[in-house]
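**Student:** The structure is given below, and queries will be raised subsequently.
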2 protein chains.
Amino acid sequence: MPTRYTSDVSGMSTIQQHTYDNGLTLLVEPMPGVQSVGMAMLLPGGTADEPADQLGLYSVLCEMLHRGAGDRDARAHSEALDQLGVKRGTDVRTQHVRLDASILSERLPTALPLLFDMIRRPHLSDEGFGPARELALQAIEALEDEPQQKVMIELKQRHLPEPFGRSSLGRRKDLQQLTAAQVRAGFAERSVSQGAILSLAGAVDFETTRDQVGELLGDWSGSASEAVESASAERGTHHVPAESAQQHIGVAYDALPENDPMSMTQRVGIAVLSGGMSGRLFTEVREKRGLCYAVAAQYAATRDRGSVFGYAGTTTQRAAETLEVMVAELKRVCDGVDEDEFQRAIVGLKSRVVMQGESTSARANALANDFYVFGRPRALEEVAAEIDAVSLDGLNQFLDRNRPDSMTVLNIGSEPLSIPTT
Amino acid sequence: MPTRYTSDVSGMSTIQQHTYDNGLTLLVEPMPGVQSVGMAMLLPGGTADEPADQLGLYSVLCEMLHRGAGDRDARAHSEALDQLGVKRGTDVRTQHVRLDASILSERLPTALPLLFDMIRRPHLSDEGFGPARELALQAIEALEDEPQQKVMIELKQRHLPEPFGRSSLGRRKDLQQLTAAQVRAGFAERSVSQGAILSLAGAVDFETTRDQVGELLGDWSGSASEAVESASAERGTHHVPAESAQQHIGVAYDALPENDPMSMTQRVGIAVLSGGMSGRLFTEVREKRGLCYAVAAQYAATRDRGSVFGYAGTTTQRAAETLEVMVAELKRVCDGVDEDEFQRAIVGLKSRVVMQGESTSARANALANDFYVFGRPRALEEVAAEIDAVSLDGLNQFLDRNRPDSMTVLNIGSEPLSIPTT
């Protein structure tokens, strides 16, 4: 029997759910007025599950999933999907390998077998392995020319405990020694039905899809263990030298995991800092002082852990002041938020929920993420109600009791930086 | 009387249009099943219209439009828009300054006066000028750490004739001498109703909006001249030295302007090269040879001119071969396309049209761009019909007759590159 979630708030969205005998969960949300379908598939295995000397394993796997599957070699498979106009991509996250796709509704039944071949019957051939590993190595090298990305990757590695801070790009020396057989073994371990999540949103019918998915994936089986913490986080203050007139600054501190009952309160607090153009960070660091071109803070939470990551990019000359002002604002918000900025944060978050809810792809990904985090999908109206349930008093109490006690800091640039002691 | 465009293809979309006495054009496309409204406003003045010694003028203007307007100072104006959950941005293009916004439908009537204040009554104060210019200068400096962007900016400058290849970021020495008075003069010249285009798509009613816009912008006036070519393009082969293990390679050649009757044929040809994962560039350069992580070609056309821009990012060691293979593919496509890849290109383009048509913001921007290019907006079904009207024979004839005769090449990296003479 499918479970139905109909919102109490406005009754507009209906999400339907089915869990197959093999443990695969299907989530379907029909959306009015669209012709496309967004699809997301999460496999239970990510960077945290890579063997400690095979970092980058799932990055290479993601590349190889596009290189032949089922009865089709790389070229035939790729052409068959393009013939249907299917936009698709694969990526690896901390706990999952993700396949996502956008498809016009009428072509969904023809596209699904091709997409499922990728996660059930990929060829993972020796022939495909060479270029795939080469590209994974190049992605690491290319990061040297993308310091804005690199700073956040390096920061996350130092802020989170092993194995949860790993870069999805992997590690050069591991990739150099990786073999096709290891990729095949890693795939076999993680292409399992138990814990896999498939979500579709848009112009899609629940019953038809449930039956087709059942036929195509009913014989899937297997389960996989979840990664556990193996070493505590490094934390501290770090400098990655680079010949540049720019400084890229990252700051991290602990926050609630997403399934904590107070996580929406945490999210509202970050929205006060960085939610709109009148957010405190943008106003204080960028607008008033013109200290840096880009500044933002982000609440990055998954099921079991959460962090706030702050970023600023500026010149070497302004870097110390930028870091000082940014950290001061991250702390000052805990002294209290006023009614007006609270209301702006609430309105901003709710508007974004509605706008993201209009994209079939964003919606499919939100459903799958919700199921992983909360064990069930949330209707848009439910998310909106959660935002509305946060009160100004509740927020201020929360902020007062959850001051960022210690921050991990990392900068890329010519000079080391650190938070001034006050 | 509003003009109505109802598609002959499926009759689903209805775009309505009104031109006010002062020359401002309003385009409205209601979309089913959405709560948001996408808005785009184009002012007739862009980088091509900047005085030759004030490059970056409109970049600074765009920054200053957010710093106080109408009865509100910078902070009050920004807070008022955030209070309504309005997501907005400004940018400068070759021929236009653009303001775009996403708004929930119910708040549109309250948001419009605030948004129109930005383009009618911005304060452009001396106080706001300092940080705005500072940020514009920082954006130029930050480009040094974004070579993937920089290569395309430098390439465009050399490939297009003055003043059409200018960078939206401007020029350092001009920005250093720019004054607030010059920004105010530049604004006065370009905030004119004649040639201005306002488009809204989503949960929006035509009559109500037409009346409100008439009330708010009816007293607007003025017109502006269009930029003309002042110097021919530099073209040739260029190397921008950089200390990096990466090479960023850009290639450009002439293509049709977008309002040419054959421009859709040109677009299909580029889709064969770079339209999907089975596109020739992706297959030949990335998949088969593993030469580079990123490779793409893009048909970049505006009303009066068009170009194809190709990009590849790779290591120094593979750069020469990457350029050689990329250029060979750009030329080889003119020898002919087969039925299968033609069909994939058509399906891919049509799918993208439908998917982009589901975003209120993308749709509003497409309407405004269409009006500038074609003098009228195109319904989605009309664009789809234009794609369908391209035949394989027509494409192959076109490609055979429009071989890229000379290419502009620019690379950023440690070694100069050039196209091998064959």
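FYI, nothing fancy with the structure tokens labels: chains A, B, ... in order, residues from 1 per chain, ligands from 1 as they appear.
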Can you list every residue in region 138-294 of chain A that DSSP puts in strand (DSSP E), as JSON, numbers by chain?
**Tutor:** {"A": [197, 198, 199, 200, 201, 202, 237, 238, 239, 240, 241, 246, 247, 248, 249, 250, 251, 252, 253, 254, 255, 294]}
**Student:** Using only C-alpha atoms, select each residue of chain A with any atom at most 6 Å away from an atom of chain B, and give the selection as a ChimeraX atom specification.
**Tutor:** /A:32-33,78-79,82-83,85,131,135,278,290,293,344,347-348,351
**Student:** Record the distance separating CA of Gly68 (chain A) and CA of Asp211 (chain A), expressed in Å with one decimal.
**Tutor:**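 Separation between CA of Gly68 (chain A) and CA of Asp211 (chain A): 25.8 Å.
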**Student:** What separation in Å, quoted to one decimal, exists between CA of Ser232 (chain A) and CA of Pro161 (chain A)?
**Tutor:**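 Interatomic distance here is 4.6 Å.
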**Student:** Report the distance between CA of Gly222 (chain A) and CA of Leu42 (chain A) in Å, rounded to one decimal place.
**Tutor:** 14.6 Å
**Student:** Quick one: of A:Glu284, A:Glu415, A:Asp53, A:Glu386, who's nearest to Val268 (chain A), counting only C-alpha atoms?
**Tutor:**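 Smallest separation from Val268 (chain A) among the options: A:Glu386.
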**Student:** Go through A:Asp205, A:Glu339, A:Glu226, A:Asp126 and flag the residue nearest Glu106 (chain A), using only C-alpha atoms for the distances.
**Tutor:**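 For Glu106 (chain A), the nearest of the given residues is A:Asp205.
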**Student:** Contacts of Val183 (chain A) at 9 Å or less, counting only C-alpha atoms, minus same-chain residues fewer than 6 places along, as a PyMOL selection string?
**Tutor:** chain A and resi 57-58+60-61+124+129
**Student:** Run DSSP on the backbone of this structure and report the residues of region 229-291 of chain B it assigns to helix (DSSP H, G or I), as a PyMOL selection string.
**Tutor:** chain B and resi 263-274+280-288
**Student:** I want to know what sits within 12 Å of Ala185 (chain A), based on only C-alpha atoms, with residues of the same chain fewer than 2 positions away left out; could you give that as a PyMOL selection string?
**Tutor:** chain A and resi 50-51+54+57-58+61+124+178-183+187-191
**Student:** Which one of A:Val204, A:Leu216, A:Met118, A:Leu330 sits closest to Val308 (chain A) if you count only C-alpha atoms?
**Tutor:**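 Answer, going by the shortest atom-to-atom distance: A:Leu330.
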**Student:** Could you check the closest approach to Ala328 (chain A) for each of A:Met407, A:Ala385, A:Ala368, A:Leu395 and tell me which residue wins, using only C-alpha atoms?
**Tutor:** A:Met407
**Student:** For Asp174 (chain A), which residue out of A:Ser199, A:Gln266, A:Ser59, A:Ser418 is the nearest one, using only C-alpha atoms?
**Tutor:**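 For Asp174 (chain A), the nearest of the given residues is A:Ser59.
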**Student:** For Asp335 (chain A), which residue out of A:Gln157, A:Thr316, A:Asn402, A:Ser193 is the nearest one, using only C-alpha atoms?
**Tutor:**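 Distance minimum relative to Asp335 (chain A) lands on A:Asn402.
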**Student:** Quick one: residues within 7 Å of Ala242 (chain B), only C-alpha atoms, excluding same-chain residues fewer than 6 positions away - as a list in words?
**Tutor:**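 The neighbour list is Ile412, Gly413 and Ser414 of chain B.
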**Student:** Within 12 Å of Glu324 (chain B), counting only C-alpha atoms, which residues show up once you throw out same-chain ones fewer than 5 positions away? Write them as a ChimeraX atom specification, please.
**Tutor:** /B:249,251,281,284-285,291,312,318-319,329-332,409,417-422
**Student:** Find the residues near Leu217 (chain B): any atom within 9 Å, counting only C-alpha atoms, skip ones fewer than 6 places away on the same chain, and give them as a CSV table (one decimal) with all heavy atoms, in the first residue's frame.
**Tutor:**
```
chain,number,residue,atom,x,y,z
B,22,ASN,N,5.0,56.0,-24.4
B,22,ASN,CA,6.4,56.5,-24.3
B,22,ASN,C,7.4,55.5,-24.9
B,22,ASN,O,8.6,55.7,-24.8
B,22,ASN,CB,6.8,56.8,-22.8
B,22,ASN,CG,6.6,55.6,-22.0
B,22,ASN,OD1,6.5,54.4,-22.4
B,22,ASN,ND2,6.6,55.8,-20.6
B,24,LEU,N,7.9,52.2,-24.1
B,24,LEU,CA,8.2,51.1,-23.3
B,24,LEU,C,7.3,49.9,-23.7
B,24,LEU,O,6.1,50.1,-23.9
B,24,LEU,CB,7.9,51.4,-21.8
B,24,LEU,CG,7.8,50.2,-20.8
B,24,LEU,CD1,9.2,49.5,-20.7
B,24,LEU,CD2,7.2,50.6,-19.5
B,116,PHE,N,10.9,49.3,-9.8
B,116,PHE,CA,11.0,50.4,-10.8
B,116,PHE,C,11.8,51.6,-10.2
B,116,PHE,O,12.4,52.3,-11.0
B,116,PHE,CB,9.6,50.8,-11.2
B,116,PHE,CG,8.8,49.7,-12.0
B,116,PHE,CD1,7.5,49.8,-12.1
B,116,PHE,CD2,9.5,48.7,-12.6
B,116,PHE,CE1,6.8,48.8,-12.8
B,116,PHE,CE2,8.8,47.7,-13.3
B,116,PHE,CZ,7.5,47.8,-13.4
B,120,ARG,N,14.4,54.0,-12.2
B,120,ARG,CA,13.9,55.3,-12.5
B,120,ARG,C,14.5,56.4,-11.5
B,120,ARG,O,14.9,57.5,-11.9
B,120,ARG,CB,12.4,55.4,-12.3
B,120,ARG,CG,11.6,54.7,-13.4
B,120,ARG,CD,11.7,55.3,-14.8
B,120,ARG,NE,11.4,56.7,-14.8
B,120,ARG,CZ,10.2,57.3,-14.7
B,120,ARG,NH1,9.1,56.5,-14.6
B,120,ARG,NH2,10.0,58.6,-14.8
B,193,SER,N,12.6,55.4,-21.8
B,193,SER,CA,11.5,54.5,-22.0
B,193,SER,C,11.5,53.9,-23.4
B,193,SER,O,11.1,52.7,-23.6
B,193,SER,CB,10.2,55.2,-21.8
B,193,SER,OG,10.2,56.4,-22.6
```
